[in-house]
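Asker: Got a file for you: work-v6.pdb, PDB, C-alpha atoms.
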```pdb
ATOM      1  CA  MET Z   5      76.106 112.933 157.732
ATOM      2  CA  ASN Z   6      78.196 115.507 155.902
ATOM      3  CA  LYS Z   7      79.703 113.620 152.999
ATOM      4  CA  ARG Z   8      81.819 116.511 151.880
ATOM      5  CA  LEU Z   9      83.528 116.744 155.220
ATOM      6  CA  LEU Z  10      84.258 113.069 155.420
ATOM      7  CA  LEU Z  11      85.481 112.759 151.884
ATOM      8  CA  ALA Z  12      88.083 115.363 152.636
ATOM      9  CA  GLY Z  13      89.787 112.368 154.227
ATOM     10  CA  LEU Z  14      90.946 111.235 150.821
ATOM     11  CA  ALA Z  15      92.617 114.537 150.157
ATOM     12  CA  PHE Z  16      94.235 114.334 153.547
ATOM     13  CA  ALA Z  17      95.422 110.771 153.386
ATOM     14  CA  LEU Z  18      96.674 110.845 149.832
ATOM     15  CA  GLY Z  19      97.727 114.458 149.746
ATOM     16  CA  ALA Z  20     100.025 113.922 152.669
ATOM     17  CA  GLY Z  21     101.987 111.595 150.454
ATOM     18  CA  VAL Z  22     101.401 108.651 152.705
ATOM     19  CA  ALA Z  23     103.271 105.663 151.398
ATOM     20  CA  GLN Z  24     101.382 102.420 151.289
ATOM     21  CA  THR Z  25     103.134 100.036 153.597
ATOM     22  CA  ALA Z  26     104.207  96.813 151.989
ATOM     23  CA  LEU Z  27     101.349  94.442 151.492
ATOM     24  CA  ALA Z  28     101.446  91.293 153.518
ATOM     25  CA  GLN Z  29     102.687  88.513 151.268
ATOM     26  CA  ALA Z  30      99.621  88.237 149.076
ATOM     27  CA  LYS Z  31      99.498  85.313 146.662
ATOM     28  CA  PRO Z  32     100.555  86.151 143.112
ATOM     29  CA  GLU Z  33      97.138  85.211 141.775
ATOM     30  CA  THR Z  34      95.496  87.542 144.277
ATOM     31  CA  LEU Z  35      97.775  90.399 143.236
ATOM     32  CA  VAL Z  36      96.935  89.788 139.573
ATOM     33  CA  LYS Z  37      93.224  89.711 140.333
ATOM     34  CA  GLN Z  38      93.449  92.970 142.295
ATOM     35  CA  ARG Z  39      95.444  94.859 139.690
ATOM     36  CA  GLN Z  40      93.108  93.669 136.955
ATOM     37  CA  ALA Z  41      90.161  94.810 139.077
ATOM     38  CA  ALA Z  42      91.657  98.299 139.275
ATOM     39  CA  MET Z  43      92.097  98.382 135.500
ATOM     40  CA  THR Z  44      88.516  97.170 134.991
ATOM     41  CA  LEU Z  45      87.197 100.017 137.110
ATOM     42  CA  GLN Z  46      89.437 102.564 135.432
ATOM     43  CA  GLY Z  47      87.751 101.453 132.232
ATOM     44  CA  LYS Z  48      84.308 101.764 133.790
ATOM     45  CA  TYR Z  49      84.842 105.386 134.746
ATOM     46  CA  PHE Z  50      87.123 106.501 131.951
ATOM     47  CA  GLY Z  51      85.049 104.954 129.158
ATOM     48  CA  PRO Z  52      82.097 107.372 129.360
ATOM     49  CA  MET Z  53      84.433 110.357 129.518
ATOM     50  CA  ALA Z  54      86.382 109.136 126.487
ATOM     51  CA  GLY Z  55      83.057 108.812 124.702
ATOM     52  CA  MET Z  56      82.233 112.424 125.560
ATOM     53  CA  ALA Z  57      85.634 113.681 124.385
ATOM     54  CA  GLN Z  58      85.072 111.849 121.101
ATOM     55  CA  GLY Z  59      81.566 113.238 120.721
ATOM     56  CA  LYS Z  60      80.006 109.775 120.904
ATOM     57  CA  VAL Z  61      78.306 110.345 124.256
ATOM     58  CA  PRO Z  62      76.485 113.531 125.306
ATOM     59  CA  TYR Z  63      78.669 115.729 127.503
ATOM     60  CA  ASN Z  64      77.683 115.749 131.152
ATOM     61  CA  ALA Z  65      79.663 117.906 133.584
ATOM     62  CA  ASP Z  66      78.461 116.020 136.673
ATOM     63  CA  THR Z  67      79.593 112.695 135.255
ATOM     64  CA  VAL Z  68      82.994 114.144 134.403
ATOM     65  CA  ALA Z  69      83.398 115.496 137.949
ATOM     66  CA  MET Z  70      82.458 112.223 139.580
ATOM     67  CA  ASN Z  71      84.256 109.890 137.215
ATOM     68  CA  ALA Z  72      87.422 111.987 137.379
ATOM     69  CA  ALA Z  73      87.308 111.810 141.155
ATOM     70  CA  PHE Z  74      86.895 108.024 141.081
ATOM     71  CA  LEU Z  75      89.696 107.748 138.537
ATOM     72  CA  ASP Z  76      91.910 109.746 140.839
ATOM     73  CA  ALA Z  77      91.624 107.036 143.490
ATOM     74  CA  LEU Z  78      91.759 104.173 140.977
ATOM     75  CA  SER Z  79      94.858 105.535 139.238
ATOM     76  CA  ARG Z  80      96.786 104.790 142.418
ATOM     77  CA  MET Z  81      95.638 101.223 142.917
ATOM     78  CA  PRO Z  82      97.084  98.828 140.317
ATOM     79  CA  TRP Z  83     100.814  99.343 140.710
ATOM     80  CA  ASP Z  84     101.667  97.398 143.824
ATOM     81  CA  GLY Z  85     100.006  94.440 142.139
ATOM     82  CA  PHE Z  86     102.858  94.185 139.646
ATOM     83  CA  ALA Z  87     105.115  92.530 142.196
ATOM     84  CA  GLU Z  88     108.044  90.392 141.040
ATOM     85  CA  SER Z  89     106.184  87.403 142.452
ATOM     86  CA  THR Z  90     103.579  87.749 139.703
ATOM     87  CA  LYS Z  91     106.134  87.582 136.883
ATOM     88  CA  ASP Z  92     105.778  83.874 136.328
ATOM     89  CA  THR Z  93     102.198  83.406 137.429
ATOM     90  CA  THR Z  94     100.134  80.880 135.537
ATOM     91  CA  VAL Z  95      97.082  83.125 135.820
ATOM     92  CA  LYS Z  96      96.025  84.598 132.512
ATOM     93  CA  THR Z  97      97.453  88.081 132.242
ATOM     94  CA  ALA Z  98      98.458  90.405 129.412
ATOM     95  CA  ALA Z  99     101.351  91.839 131.419
ATOM     96  CA  LEU Z 100     104.572  91.826 129.389
ATOM     97  CA  PRO Z 101     108.040  90.990 130.775
ATOM     98  CA  ALA Z 102     109.118  94.590 130.080
ATOM     99  CA  ILE Z 103     107.294  95.536 133.297
ATOM    100  CA  TRP Z 104     110.078  93.872 135.251
ATOM    101  CA  SER Z 105     112.978  94.319 132.824
ATOM    102  CA  GLU Z 106     112.374  98.059 132.386
ATOM    103  CA  PRO Z 107     111.079  99.171 135.787
ATOM    104  CA  ALA Z 108     112.087 102.820 135.390
ATOM    105  CA  LYS Z 109     110.204 103.111 132.118
ATOM    106  CA  PHE Z 110     107.191 101.351 133.622
ATOM    107  CA  LYS Z 111     107.254 103.686 136.598
ATOM    108  CA  GLU Z 112     107.458 106.690 134.277
ATOM    109  CA  ALA Z 113     104.424 105.469 132.339
ATOM    110  CA  GLN Z 114     102.470 105.143 135.596
ATOM    111  CA  GLU Z 115     103.431 108.647 136.608
ATOM    112  CA  ASN Z 116     102.457 110.090 133.257
ATOM    113  CA  PHE Z 117      99.035 108.519 133.715
ATOM    114  CA  GLN Z 118      98.628 109.730 137.274
ATOM    115  CA  ASN Z 119      99.702 113.251 136.332
ATOM    116  CA  ALA Z 120      97.228 113.301 133.461
ATOM    117  CA  VAL Z 121      94.463 112.122 135.797
ATOM    118  CA  GLN Z 122      95.348 114.849 138.260
ATOM    119  CA  ALA Z 123      95.225 117.430 135.498
ATOM    120  CA  LEU Z 124      91.756 116.138 134.619
ATOM    121  CA  VAL Z 125      90.598 116.274 138.236
ATOM    122  CA  LYS Z 126      91.769 119.873 138.383
ATOM    123  CA  VAL Z 127      89.636 121.006 135.437
ATOM    124  CA  SER Z 128      86.759 118.631 136.180
ATOM    125  CA  ARG Z 129      85.205 121.079 138.608
ATOM    126  CA  GLY Z 130      85.340 124.131 136.422
ATOM    127  CA  GLY Z 131      82.632 123.256 133.957
ATOM    128  CA  ASP Z 132      84.877 124.302 131.065
ATOM    129  CA  GLU Z 133      83.847 121.656 128.576
ATOM    130  CA  ALA Z 134      86.687 122.198 126.104
ATOM    131  CA  ALA Z 135      89.361 122.077 128.803
ATOM    132  CA  GLN Z 136      87.813 118.935 130.247
ATOM    133  CA  LYS Z 137      87.666 117.194 126.903
ATOM    134  CA  ALA Z 138      91.310 118.097 126.253
ATOM    135  CA  ALA Z 139      92.288 116.703 129.659
ATOM    136  CA  ILE Z 140      90.305 113.528 128.983
ATOM    137  CA  GLY Z 141      92.246 113.134 125.753
ATOM    138  CA  GLY Z 142      95.435 113.616 127.732
ATOM    139  CA  VAL Z 143      94.514 110.766 130.051
ATOM    140  CA  GLY Z 144      93.672 108.552 127.087
ATOM    141  CA  LYS Z 145      97.123 109.074 125.629
ATOM    142  CA  THR Z 146      98.805 108.001 128.841
ATOM    143  CA  CYS Z 147      96.656 104.820 129.019
ATOM    144  CA  GLY Z 148      98.017 103.999 125.600
ATOM    145  CA  GLY Z 149     101.550 104.915 126.654
ATOM    146  CA  CYS Z 150     101.521 102.108 129.163
ATOM    147  CA  HIS Z 151      99.517  99.584 127.149
ATOM    148  CA  GLN Z 152     101.769 100.079 124.132
ATOM    149  CA  ASN Z 153     104.887  98.840 125.862
ATOM    150  CA  PHE Z 154     103.744  96.831 128.817
ATOM    151  CA  ARG Z 155     100.615  94.961 127.769
ATOM    152  CA  GLU Z 156     100.162  92.266 125.176
ATOM    153  CA  LYS Z 157      98.265  93.490 122.135
ATOM    154  CA  GLN Z 158      94.589  92.726 122.653
TER     155      GLN Z 158
ATOM    156  CA  MET X  27     101.955 119.255 141.290
ATOM    157  CA  ASN X  28      99.983 119.738 144.483
ATOM    158  CA  LYS X  29      98.272 116.441 145.096
ATOM    159  CA  ARG X  30      96.328 117.658 148.056
ATOM    160  CA  LEU X  31      94.729 120.432 146.086
ATOM    161  CA  LEU X  32      93.746 118.194 143.227
ATOM    162  CA  LEU X  33      92.444 115.428 145.392
ATOM    163  CA  ALA X  34      90.028 117.848 146.916
ATOM    164  CA  GLY X  35      88.164 117.161 143.690
ATOM    165  CA  LEU X  36      86.821 113.950 145.126
ATOM    166  CA  ALA X  37      85.371 115.776 148.072
ATOM    167  CA  PHE X  38      83.836 118.270 145.725
ATOM    168  CA  ALA X  39      82.398 115.867 143.213
ATOM    169  CA  LEU X  40      81.056 113.351 145.700
ATOM    170  CA  GLY X  41      80.258 115.791 148.451
ATOM    171  CA  ALA X  42      77.992 117.765 146.201
ATOM    172  CA  GLY X  43      75.785 114.698 146.016
ATOM    173  CA  VAL X  44      76.263 114.379 142.290
ATOM    174  CA  ALA X  45      74.156 111.573 140.956
ATOM    175  CA  GLN X  46      75.822 109.219 138.544
ATOM    176  CA  THR X  47      73.945 109.458 135.289
ATOM    177  CA  ALA X  48      72.608 106.211 133.974
ATOM    178  CA  LEU X  49      75.298 104.071 132.449
ATOM    179  CA  ALA X  50      75.067 103.506 128.762
ATOM    180  CA  GLN X  51      73.608 100.070 128.187
ATOM    181  CA  ALA X  52      76.582  98.035 129.352
ATOM    182  CA  LYS X  53      76.421  94.303 128.746
ATOM    183  CA  PRO X  54      75.309  92.262 131.761
ATOM    184  CA  GLU X  55      78.644  90.402 131.834
ATOM    185  CA  THR X  56      80.496  93.724 131.892
ATOM    186  CA  LEU X  57      78.366  94.956 134.783
ATOM    187  CA  VAL X  58      79.059  91.762 136.725
ATOM    188  CA  LYS X  59      82.789  92.040 136.066
ATOM    189  CA  GLN X  60      82.828  95.671 137.205
ATOM    190  CA  ARG X  61      80.861  95.108 140.388
ATOM    191  CA  GLN X  62      83.056  92.114 141.262
ATOM    192  CA  ALA X  63      86.133  94.268 140.618
ATOM    193  CA  ALA X  64      84.858  96.818 143.142
ATOM    194  CA  MET X  65      84.314  94.068 145.724
ATOM    195  CA  THR X  66      87.804  92.655 145.048
ATOM    196  CA  LEU X  67      89.363  96.045 145.731
ATOM    197  CA  GLN X  68      87.231  96.610 148.814
ATOM    198  CA  GLY X  69      88.772  93.374 150.046
ATOM    199  CA  LYS X  70      92.268  94.534 149.154
ATOM    200  CA  TYR X  71      91.986  97.676 151.237
ATOM    201  CA  PHE X  72      89.695  96.458 153.993
ATOM    202  CA  GLY X  73      91.599  93.214 154.622
ATOM    203  CA  PRO X  74      94.701  94.779 156.210
ATOM    204  CA  MET X  75      92.549  97.019 158.399
ATOM    205  CA  ALA X  76      90.464  94.066 159.560
ATOM    206  CA  GLY X  77      93.723  92.309 160.403
ATOM    207  CA  MET X  78      94.765  95.298 162.522
ATOM    208  CA  ALA X  79      91.432  95.443 164.327
ATOM    209  CA  GLN X  80      91.779  91.737 165.115
ATOM    210  CA  GLY X  81      95.371  92.140 166.312
ATOM    211  CA  LYS X  82      96.707  89.908 163.533
ATOM    212  CA  VAL X  83      98.529  92.692 161.695
ATOM    213  CA  PRO X  84     100.573  95.469 163.330
ATOM    214  CA  TYR X  85      98.590  98.690 163.584
ATOM    215  CA  ASN X  86      99.697 101.389 161.142
ATOM    216  CA  ALA X  87      97.909 104.738 161.217
ATOM    217  CA  ASP X  88      99.074 105.744 157.719
ATOM    218  CA  THR X  89      97.704 102.558 156.203
ATOM    219  CA  VAL X  90      94.378 103.089 157.961
ATOM    220  CA  ALA X  91      94.160 106.660 156.627
ATOM    221  CA  MET X  92      94.932 105.658 153.083
ATOM    222  CA  ASN X  93      92.921 102.458 152.955
ATOM    223  CA  ALA X  94      89.914 104.167 154.511
ATOM    224  CA  ALA X  95      90.129 106.875 151.857
ATOM    225  CA  PHE X  96      90.286 104.290 149.076
ATOM    226  CA  LEU X  97      87.405 102.392 150.647
ATOM    227  CA  ASP X  98      85.386 105.577 150.682
ATOM    228  CA  ALA X  99      85.578 105.740 146.887
ATOM    229  CA  LEU X 100      85.187 101.972 146.418
ATOM    230  CA  SER X 101      82.134 101.765 148.672
ATOM    231  CA  ARG X 102      80.243 103.803 146.068
ATOM    232  CA  MET X 103      81.181 101.730 143.034
ATOM    233  CA  PRO X 104      79.516  98.312 143.009
ATOM    234  CA  TRP X 105      75.854  99.176 143.232
ATOM    235  CA  ASP X 106      74.962 100.280 139.724
ATOM    236  CA  GLY X 107      76.388  96.955 138.596
ATOM    237  CA  PHE X 108      73.435  95.108 140.142
ATOM    238  CA  ALA X 109      71.156  96.066 137.282
ATOM    239  CA  GLU X 110      68.074  93.978 136.511
ATOM    240  CA  SER X 111      69.771  92.948 133.288
ATOM    241  CA  THR X 112      72.319  90.946 135.298
ATOM    242  CA  LYS X 113      69.675  88.895 137.102
ATOM    243  CA  ASP X 114      69.774  86.005 134.684
ATOM    244  CA  THR X 115      73.352  86.300 133.489
ATOM    245  CA  THR X 116      75.198  83.074 132.803
ATOM    246  CA  VAL X 117      78.399  84.585 134.212
ATOM    247  CA  LYS X 118      79.441  82.999 137.482
ATOM    248  CA  THR X 119      78.218  85.188 140.318
ATOM    249  CA  ALA X 120      77.292  84.677 143.946
ATOM    250  CA  ALA X 121      74.557  87.310 143.780
ATOM    251  CA  LEU X 122      71.284  85.995 145.209
ATOM    252  CA  PRO X 123      67.805  86.695 143.769
ATOM    253  CA  ALA X 124      66.943  88.614 146.948
ATOM    254  CA  ILE X 125      68.927  91.538 145.483
ATOM    255  CA  TRP X 126      66.107  92.064 143.018
ATOM    256  CA  SER X 127      63.178  90.738 145.041
ATOM    257  CA  GLU X 128      64.006  92.829 148.103
ATOM    258  CA  PRO X 129      65.444  96.023 146.637
ATOM    259  CA  ALA X 130      64.675  98.213 149.659
ATOM    260  CA  LYS X 131      66.452  95.819 151.980
ATOM    261  CA  PHE X 132      69.399  95.603 149.598
ATOM    262  CA  LYS X 133      69.588  99.379 149.390
ATOM    263  CA  GLU X 134      69.497  99.629 153.161
ATOM    264  CA  ALA X 135      72.396  97.174 153.452
ATOM    265  CA  GLN X 136      74.415  99.278 150.994
ATOM    266  CA  GLU X 137      73.701 102.411 152.979
ATOM    267  CA  ASN X 138      74.667 100.787 156.258
ATOM    268  CA  PHE X 139      77.999  99.868 154.671
ATOM    269  CA  GLN X 140      78.574 103.312 153.213
ATOM    270  CA  ASN X 141      77.707 104.990 156.493
ATOM    271  CA  ALA X 142      80.094 102.716 158.372
ATOM    272  CA  VAL X 143      82.848 103.516 155.858
ATOM    273  CA  GLN X 144      82.206 107.215 156.287
ATOM    274  CA  ALA X 145      82.418 106.850 160.049
ATOM    275  CA  LEU X 146      85.767 105.112 159.565
ATOM    276  CA  VAL X 147      87.040 107.836 157.240
ATOM    277  CA  LYS X 148      86.092 110.394 159.862
ATOM    278  CA  VAL X 149      88.217 108.818 162.602
ATOM    279  CA  SER X 150      90.954 107.612 160.244
ATOM    280  CA  ARG X 151      92.744 110.942 160.399
ATOM    281  CA  GLY X 152      92.722 111.339 164.130
ATOM    282  CA  GLY X 153      95.288 108.752 165.054
ATOM    283  CA  ASP X 154      93.039 107.420 167.800
ATOM    284  CA  GLU X 155      93.836 103.743 167.465
ATOM    285  CA  ALA X 156      90.987 102.447 169.599
ATOM    286  CA  ALA X 157      88.384 104.547 167.783
ATOM    287  CA  GLN X 158      89.755 103.447 164.435
ATOM    288  CA  LYS X 159      89.702  99.779 165.355
ATOM    289  CA  ALA X 160      86.120 100.126 166.562
ATOM    290  CA  ALA X 161      85.155 101.812 163.295
ATOM    291  CA  ILE X 162      86.897  99.082 161.295
ATOM    292  CA  GLY X 163      84.846  96.521 163.217
ATOM    293  CA  GLY X 164      81.750  98.526 162.364
ATOM    294  CA  VAL X 165      82.541  98.329 158.666
ATOM    295  CA  GLY X 166      83.167  94.595 158.924
ATOM    296  CA  LYS X 167      79.710  94.065 160.406
ATOM    297  CA  THR X 168      78.066  95.858 157.509
ATOM    298  CA  CYS X 169      79.999  93.779 154.955
ATOM    299  CA  GLY X 170      78.505  90.756 156.637
ATOM    300  CA  GLY X 171      75.064  92.367 156.725
ATOM    301  CA  CYS X 172      74.986  92.391 152.962
ATOM    302  CA  HIS X 173      76.749  89.092 152.350
ATOM    303  CA  GLN X 174      74.474  87.310 154.781
ATOM    304  CA  ASN X 175      71.319  87.979 152.803
ATOM    305  CA  PHE X 176      72.408  88.798 149.306
ATOM    306  CA  ARG X 177      75.377  86.580 148.523
ATOM    307  CA  GLU X 178      75.589  82.816 148.193
ATOM    308  CA  LYS X 179      77.453  81.248 151.048
ATOM    309  CA  GLN X 180      81.106  80.896 150.033
TER     310      GLN X 180
END
```
Would you kindly transcribe this structure into structure tokens?
Answerer:
Amino acid sequence: MNKRLLLAGLAFALGAGVAQTALAQAKPETLVKQRQAAMTLQGKYFGPMAGMAQGKVPYNADTVAMNAAFLDALSRMPWDGFAESTKDTTVKTAALPAIWSEPAKFKEAQENFQNAVQALVKVSRGGDEAAQKAAIGGVGKTCGGCHQNFREKQ
Amino acid sequence: MNKRLLLAGLAFALGAGVAQTALAQAKPETLVKQRQAAMTLQGKYFGPMAGMAQGKVPYNADTVAMNAAFLDALSRMPWDGFAESTKDTTVKTAALPAIWSEPAKFKEAQENFQNAVQALVKVSRGGDEAAQKAAIGGVGKTCGGCHQNFREKQ
């Protein structure tokens, strides 16, 4: 089966700007679990790239291409999990109240991250190591931009 | 920024058959957390489609296209988390020993799932509701194929 052909479906579905229809009323604890899962996987695929950008892990162009592509999908997944219904959940979460009291700022932080990921995806295919490392650094900054204001200090 | 253009990166990176390089020695508990995160998100995006196929949720072609695309990426993520090092982890997991005693069978179950997801991605853009629902059912069967033999009964 031609994987390349089929995977073009992601470009189609997401590129068309399809809006996710409202989730059925998922339980707050389910939403928290799902958004945390997306963050966990962002860490899985961003971590090795951050290590490369910092010179702690040997640079590998194939890993950058694949991890950037995964991050592209993952960067879109957590946000609908920050529903109002999760504001007062008893589940352990590091989400700060600012998420709901400053929604425009939270949205902006998400967009900064997604734009930085897209910039990384764009250079991830070129094999230009310096440009890729710079773009990885750019993504890292936008992770921090959100964690700084909207997540409890770890 | 042109999302469609950038998202083509996933098709490129994955379509080229890029092999994920070995993960740095992640802790067993981290690997378990990451693989469970991938399964959680597979559930998030497969659940609504399963509901549509079963007639419990109104059919929505846009949701099918997007969720299938997400599932395409997610269907590739859990497997490197089933490393030998996680076999005796004390973290709570439903993974059965057969994962490590019958690796060929486990691999086959993964591939059946990935192939079914790819078949779904392929029809997810066509707007043919009946074909999509059939493909969703096909994916559901392969979820069960793995859970039947390799996961503790829930």
Asker: On this structure, which residues satisfy the PyMOL selection byres ((chain Z and resi 117) around 12), written as a PDB file with C-alpha atoms, in the frame of the given file?
Answerer:
```
ATOM      1  CA  GLN Z  46      89.437 102.564 135.432  1.00  0.00           C
ATOM      2  CA  LEU Z  75      89.696 107.748 138.537  1.00  0.00           C
ATOM      3  CA  ASP Z  76      91.910 109.746 140.839  1.00  0.00           C
ATOM      4  CA  LEU Z  78      91.759 104.173 140.977  1.00  0.00           C
ATOM      5  CA  SER Z  79      94.858 105.535 139.238  1.00  0.00           C
ATOM      6  CA  ARG Z  80      96.786 104.790 142.418  1.00  0.00           C
ATOM      7  CA  PRO Z  82      97.084  98.828 140.317  1.00  0.00           C
ATOM      8  CA  TRP Z  83     100.814  99.343 140.710  1.00  0.00           C
ATOM      9  CA  PHE Z 110     107.191 101.351 133.622  1.00  0.00           C
ATOM     10  CA  LYS Z 111     107.254 103.686 136.598  1.00  0.00           C
ATOM     11  CA  GLU Z 112     107.458 106.690 134.277  1.00  0.00           C
ATOM     12  CA  ALA Z 113     104.424 105.469 132.339  1.00  0.00           C
ATOM     13  CA  GLN Z 114     102.470 105.143 135.596  1.00  0.00           C
ATOM     14  CA  GLU Z 115     103.431 108.647 136.608  1.00  0.00           C
ATOM     15  CA  ASN Z 116     102.457 110.090 133.257  1.00  0.00           C
ATOM     16  CA  GLN Z 118      98.628 109.730 137.274  1.00  0.00           C
ATOM     17  CA  ASN Z 119      99.702 113.251 136.332  1.00  0.00           C
ATOM     18  CA  ALA Z 120      97.228 113.301 133.461  1.00  0.00           C
ATOM     19  CA  VAL Z 121      94.463 112.122 135.797  1.00  0.00           C
ATOM     20  CA  GLN Z 122      95.348 114.849 138.260  1.00  0.00           C
ATOM     21  CA  ALA Z 123      95.225 117.430 135.498  1.00  0.00           C
ATOM     22  CA  LEU Z 124      91.756 116.138 134.619  1.00  0.00           C
ATOM     23  CA  ALA Z 139      92.288 116.703 129.659  1.00  0.00           C
ATOM     24  CA  ILE Z 140      90.305 113.528 128.983  1.00  0.00           C
ATOM     25  CA  GLY Z 141      92.246 113.134 125.753  1.00  0.00           C
ATOM     26  CA  GLY Z 142      95.435 113.616 127.732  1.00  0.00           C
ATOM     27  CA  VAL Z 143      94.514 110.766 130.051  1.00  0.00           C
ATOM     28  CA  GLY Z 144      93.672 108.552 127.087  1.00  0.00           C
ATOM     29  CA  LYS Z 145      97.123 109.074 125.629  1.00  0.00           C
ATOM     30  CA  THR Z 146      98.805 108.001 128.841  1.00  0.00           C
ATOM     31  CA  CYS Z 147      96.656 104.820 129.019  1.00  0.00           C
ATOM     32  CA  GLY Z 148      98.017 103.999 125.600  1.00  0.00           C
ATOM     33  CA  GLY Z 149     101.550 104.915 126.654  1.00  0.00           C
ATOM     34  CA  CYS Z 150     101.521 102.108 129.163  1.00  0.00           C
ATOM     35  CA  HIS Z 151      99.517  99.584 127.149  1.00  0.00           C
TER      36      HIS Z 151
END
```
Asker: Selection in question (the file shown): the PyMOL selection byres ((chain Z and resi 30) around 12). Which residues does it include, as an MDAnalysis selection string?
Answerer: (chainID Z and resid 26:29 31:38 84:90) or (chainID X and resid 70 73:74)
Asker: For atom CA of Z:Val95 and atom CA of Z:Arg39, quote the distance in Å rounded to one decimal.
Answerer: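 Separating atom CA of Z:Val95 from atom CA of Z:Arg39 is a distance of 12.5 Å.
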Asker: Given the choices Z:Tyr49, Z:Tyr63, Z:Trp104, Z:Phe74, which gets closest to chain X if the distance is worked out from only C-alpha atoms?
Answerer: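 Looking at the shortest contact to chain X, the residue is Z:Phe74.
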Asker: Please, what distance in Å, to one decimal, runs between atom CA of X:Ala64 and atom CA of X:Ser127?
Answerer: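 Result for atom CA of X:Ala64 versus atom CA of X:Ser127: 22.6 Å, one decimal.
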Asker: Using Å and a single decimal, report how far atom CA of X:Met75 sits from atom CA of X:Val149.
Answerer: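 A separation of 13.3 Å between them.
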Asker: With distances taken over only C-alpha atoms, which residue among X:Lys159, X:Lys179, X:Lys82, X:Lys148 lies nearest chain Z?
Answerer: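 For chain Z, the nearest of the candidates is X:Lys148.
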Asker: Using all atoms listed in the file, which protein or nucleic acid residues come within 7 Å of X:Ala91? Drop anything in the same chain fewer than 4 positions from it, and give the result as number ranges by chain.
Answerer: Z: 17; X: 87, 95, 150-151
Asker: Could those selected residues go to a file with C-alpha atoms, as a JSON list (two decimals), keeping the file's coordinate frame?
Answerer:
```json
[["chain", "number", "residue", "atom", "x", "y", "z"],
["Z", 17, "ALA", "CA", 95.42, 110.77, 153.39],
["X", 87, "ALA", "CA", 97.91, 104.74, 161.22],
["X", 95, "ALA", "CA", 90.13, 106.88, 151.86],
["X", 150, "SER", "CA", 90.95, 107.61, 160.24],
["X", 151, "ARG", "CA", 92.74, 110.94, 160.40]]
```
Asker: Looking at all atoms listed in the file, which of Z:Met43, Z:Ala54, Z:Met70, Z:Met81 is the one that sits closest to chain X?
Answerer: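 Nearest candidate to chain X out of Z:Met43, Z:Ala54, Z:Met70, Z:Met81: Z:Met70.
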Asker: Please expand the PyMOL selection byres ((chain X and resi 180) around 12) into the concrete residues it hits in this file, giving the result as a count of residues only.
Answerer: 9
